[in-house]
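Below you'll find the structure, written out as structure tokens, and then a few comments.
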Amino acid sequence: MSEELDEMGPVDYVLVEWSGKQPTGEALPHLVDLVEGGIIRILDMAFITKDEDGTVAGVEIADLGDRIEEVSIFEGASSGILSEEDTQEAAQALEPGTSAALLVYENTWAAPFAAAVRRSGGQLVAGGRIPVDAIIAALDEVEGTA
């Protein structure tokens, strides 16, 4: 198992929120493409709702109604990484009256690079995301000074 973990790519999580408690399903084919293309591997997935009064509940795939067929490809995507405590903590970021998907995924595209870094004694010391709005603002500022 240790050898298998040594070959893994970086692992990230995302929490995606929808108002009105109903995602349209538009993003799902793109997620499937990422998985089928070997770019990411879903390690864990949880669906969460937060009622208007702040009550949080987990949602099983079987309870997604007309979305079952679209999401069923991910049924069983549970490594045990996400705990009830994790989903409760994630729910704190949600607005009342929303639903969300919490995904933990391996960046399989980066696995060979990450494994080589680890074998050579390197380690990741920082990481992060730059919001698209921040990039747009920075590019607008550069264009304004050019």
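Just remember, in the structure tokens the first chain shown is A, the second B, etc., residues are 1-based per chain, and ligands are 1-based in the order shown.
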
Can you list, as a VMD selection string, all residues belonging to chain A that DSSP tags as strand (DSSP E or B)? chain A and resid 11 to 19 41 to 50 56 to 59 78 98 to 106

DSSP says helix (DSSP H, G or I) for which residues of segment 68-130 of chain A? Put them as a count of residues only? 27

Skipping near chain neighbours, those fewer than 4 positions away, what residues fall within 6 Å of segment 7-15 of chain A using only C-alpha atoms, listed as a PDB file with N, CA and C atoms, in the first residue's frame?
ATOM      1  N   ALA A 101     -21.743  19.566  -3.450  1.00  0.00           N
ATOM      2  CA  ALA A 101     -20.971  18.344  -3.663  1.00  0.00           C
ATOM      3  C   ALA A 101     -19.578  18.613  -3.120  1.00  0.00           C
ATOM      4  N   LEU A 102     -19.110  17.708  -2.301  1.00  0.00           N
ATOM      5  CA  LEU A 102     -17.756  17.769  -1.747  1.00  0.00           C
ATOM      6  C   LEU A 102     -16.981  16.628  -2.387  1.00  0.00           C
ATOM      7  N   LEU A 103     -15.939  16.964  -3.129  1.00  0.00           N
ATOM      8  CA  LEU A 103     -15.151  15.958  -3.840  1.00  0.00           C
ATOM      9  C   LEU A 103     -13.712  15.979  -3.368  1.00  0.00           C
ATOM     10  N   VAL A 104     -13.170  14.810  -3.131  1.00  0.00           N
ATOM     11  CA  VAL A 104     -11.747  14.634  -2.876  1.00  0.00           C
ATOM     12  C   VAL A 104     -11.213  13.873  -4.078  1.00  0.00           C
ATOM     13  N   TYR A 105     -10.192  14.418  -4.719  1.00  0.00           N
ATOM     14  CA  TYR A 105      -9.714  13.795  -5.947  1.00  0.00           C
ATOM     15  C   TYR A 105      -8.198  13.850  -6.039  1.00  0.00           C
ATOM     16  N   GLU A 106      -7.665  12.831  -6.718  1.00  0.00           N
ATOM     17  CA  GLU A 106      -6.231  12.768  -7.000  1.00  0.00           C
ATOM     18  C   GLU A 106      -5.999  13.397  -8.360  1.00  0.00           C
ATOM     19  N   ASN A 107      -4.985  14.228  -8.446  1.00  0.00           N
ATOM     20  CA  ASN A 107      -4.572  14.806  -9.724  1.00  0.00           C
ATOM     21  C   ASN A 107      -3.647  13.790 -10.402  1.00  0.00           C
ATOM     22  N   THR A 108      -4.251  12.816 -11.084  1.00  0.00           N
ATOM     23  CA  THR A 108      -3.454  11.734 -11.665  1.00  0.00           C
ATOM     24  C   THR A 108      -2.505  12.228 -12.750  1.00  0.00           C
ATOM     25  N   ALA A 110      -0.571  14.597 -12.534  1.00  0.00           N
ATOM     26  CA  ALA A 110       0.667  15.046 -11.899  1.00  0.00           C
ATOM     27  C   ALA A 110       1.394  13.929 -11.150  1.00  0.00           C
ATOM     28  N   ALA A 111       0.834  12.716 -11.156  1.00  0.00           N
ATOM     29  CA  ALA A 111       1.415  11.623 -10.379  1.00  0.00           C
ATOM     30  C   ALA A 111       2.879  11.331 -10.733  1.00  0.00           C
ATOM     31  N   ALA A 114       4.992  14.164  -9.271  1.00  0.00           N
ATOM     32  CA  ALA A 114       4.975  14.154  -7.805  1.00  0.00           C
ATOM     33  C   ALA A 114       5.790  12.991  -7.253  1.00  0.00           C
ATOM     34  N   ALA A 115       5.664  11.821  -7.863  1.00  0.00           N
ATOM     35  CA  ALA A 115       6.426  10.659  -7.409  1.00  0.00           C
ATOM     36  C   ALA A 115       7.922  10.897  -7.579  1.00  0.00           C
TER      37      ALA A 115
END

Would you work out the distance separating atom CA of Ser99 of chain A from atom CA of His30 of chain A, expressed in Å to one decimal?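 Computing the Euclidean distance for atom CA of Ser99 of chain A and atom CA of His30 of chain A yields 19.1 Å.
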
In Å to one decimal, how far is atom CA of Val35 of chain A from atom CA of Gly58 of chain A? 23.5 Å

Considering only C-alpha atoms, can you say which of A:Leu43, A:Leu28, A:Ala57, A:Ile130 comes closest to Gln88 of chain A?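 Closest candidate: A:Ala57.
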
I need the residue nearest Ala93 of chain A from this list: A:Ile81, A:Val16, A:Leu139, A:Leu124. Use only C-alpha atoms for the distance.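 Closest residue, counting only C-alpha atoms: A:Val16.
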
For Trp18 of chain A, please output as a list in words all residues within 12 Å (counting only C-alpha atoms; exclusion window: fewer than 5 positions along the same chain). Pro23, Thr24, Gly25, Glu26, Ala27, Phe47, Ile48, Thr49, Lys50, Leu94, Glu95, Pro96, Gly97, Thr98, Ser99, Ala100, Ala101 and Leu102 of chain A

Residues as selected, C-alpha atoms, written as a compact mmCIF listing (two decimals), in the first residue's frame, can you do that?
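The resulting part13.txt:
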# COMPACT_ATOMS: atom_id res chain seq x y z
CA PRO A 23 -27.80 21.49 -9.61
CA THR A 24 -28.69 21.37 -13.28
CA GLY A 25 -26.30 18.53 -14.05
CA GLU A 26 -24.50 20.66 -16.67
CA ALA A 27 -21.10 20.25 -14.95
CA PHE A 47 -23.56 15.41 -1.25
CA ILE A 48 -24.80 17.86 1.36
CA THR A 49 -27.86 20.06 1.83
CA LYS A 50 -28.27 23.00 4.13
CA LEU A 94 -22.52 26.82 2.67
CA GLU A 95 -25.28 29.39 2.54
CA PRO A 96 -28.68 28.36 3.91
CA GLY A 97 -31.02 26.89 1.28
CA THR A 98 -28.28 25.29 -0.80
CA SER A 99 -26.95 21.91 -1.80
CA ALA A 100 -23.34 20.98 -2.43
CA ALA A 101 -20.97 18.34 -3.66
CA LEU A 102 -17.76 17.77 -1.75

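In this structure, atom CA of Pro29 of chain A sits 23.3 Å away from atom CA of Leu82 of chain A.
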
Ranking A:Gly54, A:Trp109, A:Gly121, A:Thr145 by minimum distance to Ile40 of chain A and counting only C-alpha atoms, which one comes first?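 Nearest candidate to Ile40 of chain A out of A:Gly54, A:Trp109, A:Gly121, A:Thr145: A:Trp109.
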